[in-house]
file work.cif (mmCIF, C-alpha atoms)
data_upload
loop_
_atom_site.label_atom_id
_atom_site.label_comp_id
_atom_site.auth_asym_id
_atom_site.auth_seq_id
_atom_site.Cartn_x
_atom_site.Cartn_y
_atom_site.Cartn_z
CA MET A 14 -129.88 17.49 -76.67
CA SER A 15 -131.33 15.24 -73.96
CA ASP A 16 -130.70 11.49 -73.88
CA VAL A 17 -134.44 10.89 -74.48
CA THR A 18 -134.31 12.88 -77.75
CA ILE A 19 -131.10 11.09 -78.78
CA ILE A 20 -132.76 7.68 -78.22
CA GLU A 21 -135.77 8.78 -80.29
CA ASN A 22 -133.41 9.84 -83.10
CA PHE A 23 -131.54 6.54 -82.75
CA VAL A 24 -134.77 4.55 -83.33
CA LYS A 25 -135.36 6.40 -86.63
CA LYS A 26 -131.76 6.03 -87.80
CA TYR A 27 -131.67 2.35 -86.81
CA LYS A 28 -134.79 1.67 -88.89
CA ALA A 29 -133.27 3.53 -91.88
CA LEU A 30 -130.03 1.56 -91.39
CA LYS A 31 -131.90 -1.77 -91.54
CA GLU A 32 -133.67 -0.63 -94.74
CA GLU A 33 -130.36 0.39 -96.31
CA ILE A 34 -128.78 -3.00 -95.50
CA SER A 35 -131.85 -4.86 -96.85
CA LYS A 36 -131.16 -3.34 -100.31
CA VAL A 37 -128.29 -5.86 -100.60
CA ILE A 38 -128.90 -8.51 -97.93
CA ILE A 39 -132.12 -10.49 -98.32
CA GLY A 40 -133.55 -12.00 -95.12
CA GLN A 41 -131.16 -12.73 -92.19
CA GLU A 42 -133.07 -10.13 -90.06
CA GLU A 43 -132.14 -11.72 -86.74
CA VAL A 44 -128.46 -12.04 -87.68
CA ILE A 45 -128.25 -8.37 -88.76
CA ASP A 46 -130.03 -7.26 -85.56
CA GLN A 47 -127.52 -9.13 -83.40
CA ILE A 48 -124.52 -7.72 -85.31
CA LEU A 49 -125.89 -4.16 -85.00
CA ILE A 50 -126.74 -4.59 -81.30
CA SER A 51 -123.18 -5.80 -80.78
CA ILE A 52 -121.72 -2.77 -82.61
CA PHE A 53 -123.82 -0.20 -80.70
CA SER A 54 -123.00 -2.00 -77.42
CA GLY A 55 -119.27 -1.80 -78.21
CA GLY A 56 -118.90 -5.59 -78.48
CA HIS A 57 -117.65 -8.13 -81.03
CA SER A 58 -119.45 -10.98 -82.80
CA LEU A 59 -118.65 -14.50 -83.98
CA LEU A 60 -120.61 -15.78 -86.99
CA ILE A 61 -120.89 -19.54 -87.23
CA GLY A 62 -122.01 -21.05 -90.51
CA VAL A 63 -120.97 -23.00 -93.58
CA PRO A 64 -119.21 -21.17 -96.45
CA GLY A 65 -121.33 -19.41 -99.07
CA LEU A 66 -123.96 -17.72 -96.87
CA ALA A 67 -122.82 -14.17 -97.79
CA LYS A 68 -121.07 -13.49 -94.48
CA THR A 69 -118.42 -11.26 -96.11
CA LEU A 70 -121.01 -9.39 -98.18
CA MET A 71 -123.13 -8.84 -95.06
CA VAL A 72 -120.25 -7.35 -93.05
CA ASN A 73 -119.09 -5.21 -95.96
CA THR A 74 -122.64 -3.89 -96.46
CA ILE A 75 -123.05 -3.10 -92.75
CA ALA A 76 -119.67 -1.29 -92.73
CA GLN A 77 -120.70 0.82 -95.77
CA ALA A 78 -124.10 1.70 -94.26
CA LEU A 79 -122.40 2.72 -90.99
CA GLY A 80 -119.82 4.83 -92.88
CA LEU A 81 -116.91 2.91 -91.36
CA ASP A 82 -113.53 1.73 -92.66
CA PHE A 83 -113.61 -2.03 -93.31
CA LYS A 84 -110.83 -4.60 -93.77
CA ARG A 85 -111.01 -8.36 -94.30
CA ILE A 86 -108.34 -10.75 -93.06
CA GLN A 87 -108.44 -14.27 -94.51
CA PHE A 88 -107.18 -16.63 -91.80
CA THR A 89 -105.09 -19.53 -93.12
CA PRO A 90 -102.89 -22.15 -91.38
CA ASP A 91 -99.69 -20.24 -92.33
CA LEU A 92 -100.89 -16.76 -91.26
CA MET A 93 -98.49 -15.08 -88.80
CA PRO A 94 -99.36 -12.51 -86.08
CA SER A 95 -97.34 -9.85 -87.97
CA ASP A 96 -99.59 -10.39 -91.02
CA ILE A 97 -102.46 -9.08 -88.85
CA LEU A 98 -100.81 -6.49 -86.58
CA GLY A 99 -98.13 -5.11 -88.90
CA SER A 100 -94.35 -5.05 -88.45
CA GLU A 101 -91.36 -2.77 -88.06
CA ILE A 102 -88.98 -2.29 -90.99
CA LEU A 103 -85.77 -0.33 -91.44
CA ASP A 104 -86.36 2.71 -93.66
CA GLU A 105 -83.76 4.41 -95.88
CA ASP A 106 -82.51 6.47 -92.88
CA ARG A 107 -81.87 3.21 -90.98
CA ARG A 108 -84.65 4.01 -88.52
CA PHE A 109 -87.35 1.57 -87.56
CA LYS A 110 -90.69 2.40 -89.12
CA PHE A 111 -93.97 0.68 -88.23
CA ILE A 112 -96.06 -0.52 -91.16
CA LYS A 113 -99.67 -0.97 -89.98
CA GLY A 114 -101.37 -4.29 -90.62
CA PRO A 115 -105.00 -4.80 -91.65
CA ILE A 116 -106.14 -4.77 -88.00
CA PHE A 117 -106.07 -0.93 -88.23
CA ALA A 118 -109.65 -0.32 -89.42
CA ASN A 119 -113.03 0.29 -87.72
CA ILE A 120 -114.57 -3.05 -88.70
CA ILE A 121 -112.40 -6.15 -89.08
CA LEU A 122 -113.75 -9.28 -90.70
CA ALA A 123 -111.63 -12.17 -89.39
CA ASP A 124 -112.68 -14.69 -92.02
CA GLU A 125 -112.54 -18.39 -91.04
CA ILE A 126 -110.76 -17.55 -87.78
CA ASN A 127 -110.59 -21.22 -86.76
CA ARG A 128 -108.44 -22.12 -89.79
CA THR A 129 -105.37 -20.57 -88.15
CA PRO A 130 -103.42 -21.87 -85.11
CA PRO A 131 -104.11 -20.40 -81.62
CA LYS A 132 -100.85 -18.33 -81.70
CA THR A 133 -102.22 -16.25 -84.58
CA GLN A 134 -105.78 -16.18 -83.19
CA ALA A 135 -104.29 -14.68 -80.00
CA ALA A 136 -102.98 -11.68 -82.00
CA LEU A 137 -106.56 -10.37 -81.91
CA LEU A 138 -106.98 -10.59 -78.12
CA GLU A 139 -105.36 -7.28 -77.14
CA ALA A 140 -107.07 -5.44 -80.01
CA MET A 141 -110.49 -6.77 -78.97
CA GLN A 142 -110.07 -6.00 -75.28
CA GLU A 143 -107.82 -2.93 -75.10
CA ARG A 144 -108.55 -1.37 -78.53
CA ALA A 145 -104.77 -1.22 -78.99
CA VAL A 146 -101.94 -3.41 -80.29
CA THR A 147 -98.39 -3.77 -79.01
CA VAL A 148 -95.59 -4.37 -81.52
CA ALA A 149 -91.89 -4.40 -80.52
CA GLY A 150 -92.73 -2.84 -77.15
CA HIS A 151 -94.70 0.09 -78.59
CA GLN A 152 -98.44 0.34 -78.07
CA TYR A 153 -100.53 1.69 -80.94
CA LYS A 154 -104.12 2.82 -80.34
CA LEU A 155 -106.82 1.68 -82.77
CA SER A 156 -109.33 4.19 -84.13
CA LEU A 157 -112.82 3.99 -82.61
CA PRO A 158 -115.41 2.62 -83.00
CA TYR A 159 -113.67 -0.75 -83.26
CA PHE A 160 -115.47 -3.98 -84.00
CA VAL A 161 -114.22 -7.50 -84.81
CA LEU A 162 -116.58 -9.80 -86.64
CA ALA A 163 -115.10 -13.28 -86.95
CA THR A 164 -116.54 -16.09 -89.05
CA GLN A 165 -116.09 -19.70 -88.13
CA ASN A 166 -116.75 -22.86 -90.08
CA PRO A 167 -118.51 -25.59 -88.10
CA ILE A 168 -115.93 -27.34 -85.91
CA GLU A 169 -116.66 -30.73 -87.52
CA GLN A 170 -114.97 -29.58 -90.74
CA GLU A 171 -111.41 -30.76 -91.32
CA GLY A 172 -108.43 -28.43 -90.90
CA THR A 173 -109.90 -26.28 -88.13
CA TYR A 174 -108.54 -25.31 -84.70
CA PRO A 175 -111.13 -24.80 -81.94
CA LEU A 176 -111.04 -21.29 -80.48
CA PRO A 177 -109.69 -21.18 -76.89
CA GLU A 178 -112.31 -20.33 -74.25
CA ALA A 179 -110.52 -17.03 -73.43
CA GLN A 180 -110.85 -16.01 -77.08
CA LEU A 181 -114.48 -17.13 -77.31
CA ASP A 182 -115.35 -15.14 -74.19
CA ARG A 183 -114.17 -11.92 -75.90
CA PHE A 184 -117.09 -12.17 -78.32
CA MET A 185 -120.32 -10.61 -77.11
CA PHE A 186 -122.46 -12.69 -79.50
CA ALA A 187 -122.08 -16.05 -81.21
CA ILE A 188 -124.51 -15.91 -84.12
CA ARG A 189 -125.59 -18.98 -86.10
CA LEU A 190 -126.26 -18.47 -89.80
CA GLU A 191 -128.79 -20.83 -91.33
CA TYR A 192 -129.53 -21.48 -95.00
CA PRO A 193 -132.07 -19.04 -96.49
CA SER A 194 -135.68 -20.10 -96.98
CA PHE A 195 -136.80 -21.19 -100.47
CA LEU A 196 -138.38 -17.79 -101.26
CA GLU A 197 -135.36 -15.88 -99.91
CA GLU A 198 -133.01 -17.99 -102.02
CA VAL A 199 -135.11 -17.31 -105.13
CA GLN A 200 -134.82 -13.55 -104.38
CA VAL A 201 -131.06 -13.84 -103.81
CA VAL A 202 -130.54 -15.63 -107.14
CA LYS A 203 -132.68 -13.07 -109.01
CA ALA A 204 -130.85 -10.13 -107.41
CA THR A 205 -127.31 -11.45 -107.95
CA THR A 206 -127.46 -12.78 -111.52
CA THR A 207 -128.06 -9.48 -113.33
CA ASP A 208 -125.79 -6.55 -114.14
CA VAL A 209 -127.52 -4.21 -111.65
CA GLN A 210 -125.04 -2.77 -109.13
CA LEU A 211 -126.64 -1.77 -105.82
CA SER A 212 -125.05 1.05 -103.86
CA VAL A 213 -125.34 1.48 -100.09
CA ASN A 214 -125.42 4.97 -98.57
CA ALA A 215 -123.47 5.80 -95.41
CA LEU A 216 -126.00 6.91 -92.77
CA PHE A 217 -123.64 7.48 -89.82
CA THR A 218 -120.24 8.94 -89.05
CA ALA A 219 -117.75 7.26 -86.70
CA GLN A 220 -118.33 10.00 -84.09
CA GLU A 221 -122.12 9.53 -84.23
CA ILE A 222 -121.73 5.82 -83.51
CA ILE A 223 -119.45 6.58 -80.53
CA ASP A 224 -122.01 9.13 -79.24
CA TYR A 225 -124.84 6.58 -79.51
CA GLN A 226 -122.67 3.97 -77.74
CA ASN A 227 -122.12 6.44 -74.87
CA VAL A 228 -125.83 7.29 -74.58
CA ILE A 229 -126.76 3.58 -74.56
CA ARG A 230 -124.27 2.98 -71.73
CA ARG A 231 -126.01 5.75 -69.74
CA ILE A 232 -129.43 4.04 -69.98
CA PRO A 233 -130.56 3.17 -66.43
CA VAL A 234 -131.33 -0.45 -65.51
CA ALA A 235 -133.60 -1.53 -62.64
CA ASP A 236 -131.98 -3.69 -59.93
CA ASN A 237 -134.37 -6.58 -60.57
CA VAL A 238 -133.26 -6.71 -64.25
CA VAL A 239 -129.56 -6.80 -63.27
CA GLU A 240 -130.32 -9.51 -60.69
CA TYR A 241 -132.25 -11.49 -63.33
CA ALA A 242 -129.26 -11.33 -65.73
CA VAL A 243 -126.79 -12.45 -63.03
CA SER A 244 -129.08 -15.26 -61.82
CA LEU A 245 -129.58 -16.44 -65.42
CA VAL A 246 -125.80 -16.66 -65.90
CA SER A 247 -125.27 -18.39 -62.54
CA LYS A 248 -127.81 -21.06 -63.55
CA THR A 249 -125.46 -22.07 -66.40
CA ARG A 250 -122.69 -23.11 -63.97
CA PRO A 251 -123.06 -26.85 -63.22
CA LYS A 252 -121.24 -26.67 -59.86
CA ALA A 253 -123.21 -23.66 -58.56
CA ASP A 254 -126.01 -24.13 -55.99
CA THR A 255 -128.38 -22.30 -58.35
CA ALA A 256 -127.58 -24.54 -61.37
CA ALA A 257 -130.60 -25.81 -63.29
CA GLU A 258 -131.10 -29.59 -63.52
CA ILE A 259 -130.61 -29.57 -67.32
CA VAL A 260 -127.27 -27.78 -66.76
CA LYS A 261 -126.06 -30.29 -64.14
CA GLU A 262 -126.84 -33.10 -66.57
CA PHE A 263 -125.61 -31.71 -69.90
CA VAL A 264 -123.07 -28.90 -69.27
CA ASP A 265 -119.33 -29.10 -68.44
CA TRP A 266 -118.66 -25.37 -67.99
CA GLY A 267 -120.93 -22.38 -67.60
CA ALA A 268 -120.65 -18.67 -68.38
CA GLY A 269 -118.46 -16.22 -66.44
CA PRO A 270 -119.11 -12.64 -65.22
CA ARG A 271 -118.42 -11.17 -68.69
CA ALA A 272 -121.65 -12.85 -69.84
CA SER A 273 -123.64 -10.92 -67.18
CA GLN A 274 -122.04 -7.63 -68.30
CA ASN A 275 -122.78 -8.41 -71.95
CA LEU A 276 -126.41 -9.33 -71.18
CA ILE A 277 -127.02 -5.93 -69.58
CA LEU A 278 -125.19 -3.95 -72.30
CA ALA A 279 -126.95 -5.80 -75.13
CA ALA A 280 -130.33 -5.51 -73.36
CA LYS A 281 -129.80 -1.72 -73.12
CA THR A 282 -129.13 -1.55 -76.88
CA HIS A 283 -132.04 -3.88 -77.67
CA ALA A 284 -134.34 -1.65 -75.60
CA ALA A 285 -132.98 1.49 -77.33
CA THR A 286 -133.69 0.05 -80.81
CA LYS A 287 -137.32 -0.40 -79.71
CA GLY A 288 -137.56 3.16 -78.34
CA LYS A 289 -137.60 2.06 -74.68
CA PHE A 290 -135.67 4.11 -72.13
CA SER A 291 -134.82 1.21 -69.82
CA PRO A 292 -134.46 -2.52 -70.53
CA ASP A 293 -136.70 -5.13 -68.91
CA ILE A 294 -136.50 -8.92 -68.53
CA GLU A 295 -137.87 -9.43 -72.06
CA ASP A 296 -134.86 -7.55 -73.45
CA ILE A 297 -132.50 -9.84 -71.50
CA GLN A 298 -134.26 -12.92 -72.90
CA ALA A 299 -134.17 -11.51 -76.45
CA VAL A 300 -130.35 -11.36 -76.44
CA ALA A 301 -129.55 -14.26 -74.08
CA THR A 302 -129.17 -17.11 -76.60
CA GLY A 303 -126.56 -15.30 -78.72
CA ILE A 304 -124.64 -14.19 -75.62
CA LEU A 305 -124.65 -17.50 -73.73
CA ARG A 306 -124.42 -19.95 -76.67
CA HIS A 307 -120.61 -20.01 -76.89
CA ARG A 308 -120.08 -19.73 -73.13
CA VAL A 309 -122.08 -22.83 -72.18
CA ILE A 310 -119.81 -25.79 -72.96
CA LYS A 311 -121.88 -28.96 -73.40
CA ASN A 312 -120.66 -32.41 -72.29
CA TYR A 313 -120.51 -35.59 -74.38
CA LYS A 314 -123.94 -36.68 -73.08
CA ALA A 315 -125.58 -33.55 -74.55
CA GLU A 316 -123.86 -34.23 -77.89
CA ALA A 317 -124.96 -37.88 -77.84
CA GLU A 318 -128.58 -37.00 -77.07
CA GLY A 319 -128.74 -34.09 -79.53
CA ILE A 320 -129.42 -31.45 -76.85
CA THR A 321 -128.83 -28.02 -78.43
CA ASP A 322 -127.33 -25.02 -76.65
CA LYS A 323 -130.49 -23.06 -77.55
CA LYS A 324 -132.67 -25.64 -75.76
CA ILE A 325 -130.49 -25.49 -72.63
CA ILE A 326 -130.51 -21.66 -72.54
CA GLU A 327 -134.23 -21.21 -73.23
CA SER A 328 -135.11 -23.74 -70.49
CA LEU A 329 -133.41 -21.37 -67.99
CA PHE A 330 -135.86 -18.50 -68.63
#
call {"tool": "encode", "arguments": {"input": "work.cif", "output": "structure tokens"}}
result
Amino acid sequence: MSDVTIIENFVKKYKALKEEISKVIIGQEEVIDQILISIFSGGHSLLIGVPGLAKTLMVNTIAQALGLDFKRIQFTPDLMPSDILGSEILDEDRRFKFIKGPIFANIILADEINRTPPKTQAALLEAMQERAVTVAGHQYKLSLPYFVLATQNPIEQEGTYPLPEAQLDRFMFAIRLEYPSFLEEVQVVKATTTDVQLSVNALFTAQEIIDYQNVIRRIPVADNVVEYAVSLVSKTRPKADTAAEIVKEFVDWGAGPRASQNLILAAKTHAATKGKFSPDIEDIQAVATGILRHRVIKNYKAEAEGITDKKIIESLF
């Protein structure tokens, strides 16, 4: 089957996937799109929002619709790395046996990741980058596809530890969850206060998702689109010659090369979901805010004047 035919099939399956998810999740179209783009690009996502916005339900529903194994890890201040990765124990034959932790699944929900100290947050780094974990000198491969979706309470809340920049940079998207609209909330309340149990059908297999990820990576990109992505990222660096005025004034640190890679990968997936066989500048702009938001570190002046990361990024287009 040619790549063109596979992309055409992908468009149909993606549409069916969105419909399946919408059986349970009302609204949040943009959030779901970004999570799915991240999955089909082989990236990870960070969801930022107050408790009670159905983040866990959303991830669980997406995992069911994709036919993937799902595990949730609740991050707490006393959580240890071994609680995530697993540990070695002595069995009855006095041999060491590795007991796998909850990180061994296709989709991991790292719930309230910023409630745990950086030592435990760092336990995810190797898994996110290498798709493997090392325990007691032995490396264990994780089954593919592998996707970490972390949720984070707003930093202003008490009892939270800010994520280190190296950890933040591992996430392809930082996605902000807002409260639902009045009509959406009415629908949510109606749907969740009855005894009707909604079931979600699995539309993919793990191998299908890997195949689609590979085809998306093969999508060609014109040089001018790559150059646009790189120049957009370089404009976020306040000390660079190409830095925009708004960046020089309101930004402490800009995005690194991983942001440029993520822009191109996500733009390829965004184009594929629309049935296009090559991304253009519009596709870069469609995914840029979610990819750059957590990589553009604002200074105190931006905070004082209420300048949002979205405003800074969109002014760079």
call {"tool": "closest_residue", "arguments": {"input": "work.cif", "among": "A:Leu30, A:Met93, A:Ala285, A:Ile86", "to": "Tyr225 in chain A", "atoms": "all atoms listed in the file"}}
result
A:Ala285
call {"tool": "closest_residue", "arguments": {"input": "work.cif", "among": "A:Leu176, A:Leu66, A:Ile112, A:Ala123", "to": "Tyr192 in chain A", "atoms": "all atoms listed in the file"}}
result
A:Leu66
call {"tool": "closest_residue", "arguments": {"input": "work.cif", "among": "A:Arg144, A:Lys154, A:Arg189, A:Lys311", "to": "Lys68 in chain A", "atoms": "all atoms listed in the file"}}
result
A:Arg189
call {"tool": "closest_atom_pairs", "arguments": {"input": "work.cif", "of": "range 198-275 of chain A", "to": "range 318-321 of chain A", "cutoff": "12 Å", "atoms": "all atoms listed in the file", "output": "JSON lines"}}
result
{"residue": "A:Ile259", "atom": "CA", "partner": "A:Ile320", "partner_atom": "CA", "distance": 9.8}
{"residue": "A:Val260", "atom": "CA", "partner": "A:Ile320", "partner_atom": "CA", "distance": 10.9}
{"residue": "A:Glu262", "atom": "CA", "partner": "A:Ile320", "partner_atom": "CA", "distance": 10.7}
{"residue": "A:Phe263", "atom": "CA", "partner": "A:Ile320", "partner_atom": "CA", "distance": 7.9}
{"residue": "A:Val264", "atom": "CA", "partner": "A:Ile320", "partner_atom": "CA", "distance": 10.2}
call {"tool": "write_last_selection", "arguments": {"input": "work.cif", "atoms": "C-alpha atoms", "output": "short mmCIF file (atom, residue, chain, number, x, y, z; two decimals), in the coordinates of the input"}}
result
data_model
loop_
_atom_site.label_atom_id
_atom_site.label_comp_id
_atom_site.auth_asym_id
_atom_site.auth_seq_id
_atom_site.Cartn_x
_atom_site.Cartn_y
_atom_site.Cartn_z
CA ILE A 259 -130.61 -29.57 -67.32
CA VAL A 260 -127.27 -27.78 -66.76
CA GLU A 262 -126.84 -33.10 -66.57
CA PHE A 263 -125.61 -31.71 -69.90
CA VAL A 264 -123.07 -28.90 -69.27
#
call {"tool": "residues_around", "arguments": {"input": "work.cif", "residues": "Lys31 in chain A", "least_positions_apart": "4", "cutoff": "9 Å", "atoms": "all atoms listed in the file", "output": "list in words"}}
result
Lys26, Tyr27, Ser35, Lys36, Glu42, Ile45, Asp46 and Ala78 of chain A
call {"tool": "write_last_selection", "arguments": {"input": "work.cif", "atoms": "C-alpha atoms", "output": "PDB file, keeping the file's coordinate frame"}}
result
ATOM      1  CA  LYS A  26    -131.760   6.030 -87.800  1.00  0.00           C
ATOM      2  CA  TYR A  27    -131.670   2.350 -86.810  1.00  0.00           C
ATOM      3  CA  SER A  35    -131.850  -4.860 -96.850  1.00  0.00           C
ATOM      4  CA  LYS A  36    -131.160  -3.340-100.310  1.00  0.00           C
ATOM      5  CA  GLU A  42    -133.070 -10.130 -90.060  1.00  0.00           C
ATOM      6  CA  ILE A  45    -128.250  -8.370 -88.760  1.00  0.00           C
ATOM      7  CA  ASP A  46    -130.030  -7.260 -85.560  1.00  0.00           C
ATOM      8  CA  ALA A  78    -124.100   1.700 -94.260  1.00  0.00           C
TER       9      ALA A  78
END
call {"tool": "atom_distance", "arguments": {"input": "work.cif", "atom1": "CA of Gln274 in chain A", "atom2": "CA of Leu79 in chain A"}}
result
24.9 Å
call {"tool": "residues_near_point", "arguments": {"input": "work.cif", "point": "(-112.2, 0.5, -87.9)", "cutoff": "10 Å", "atoms": "only C-alpha atoms", "output": "list of chain:residue names"}}
result
A:Ala76, A:Leu81, A:Asp82, A:Phe83, A:Lys84, A:Pro115, A:Ile116, A:Phe117, A:Ala118, A:Asn119, A:Ile120, A:Ile121, A:Leu155, A:Ser156, A:Leu157, A:Pro158, A:Tyr159, A:Phe160, A:Val161, A:Ala219
call {"tool": "atom_distance", "arguments": {"input": "work.cif", "atom1": "CA of Met71 in chain A", "atom2": "CA of Val201 in chain A"}}
result
12.8 Å
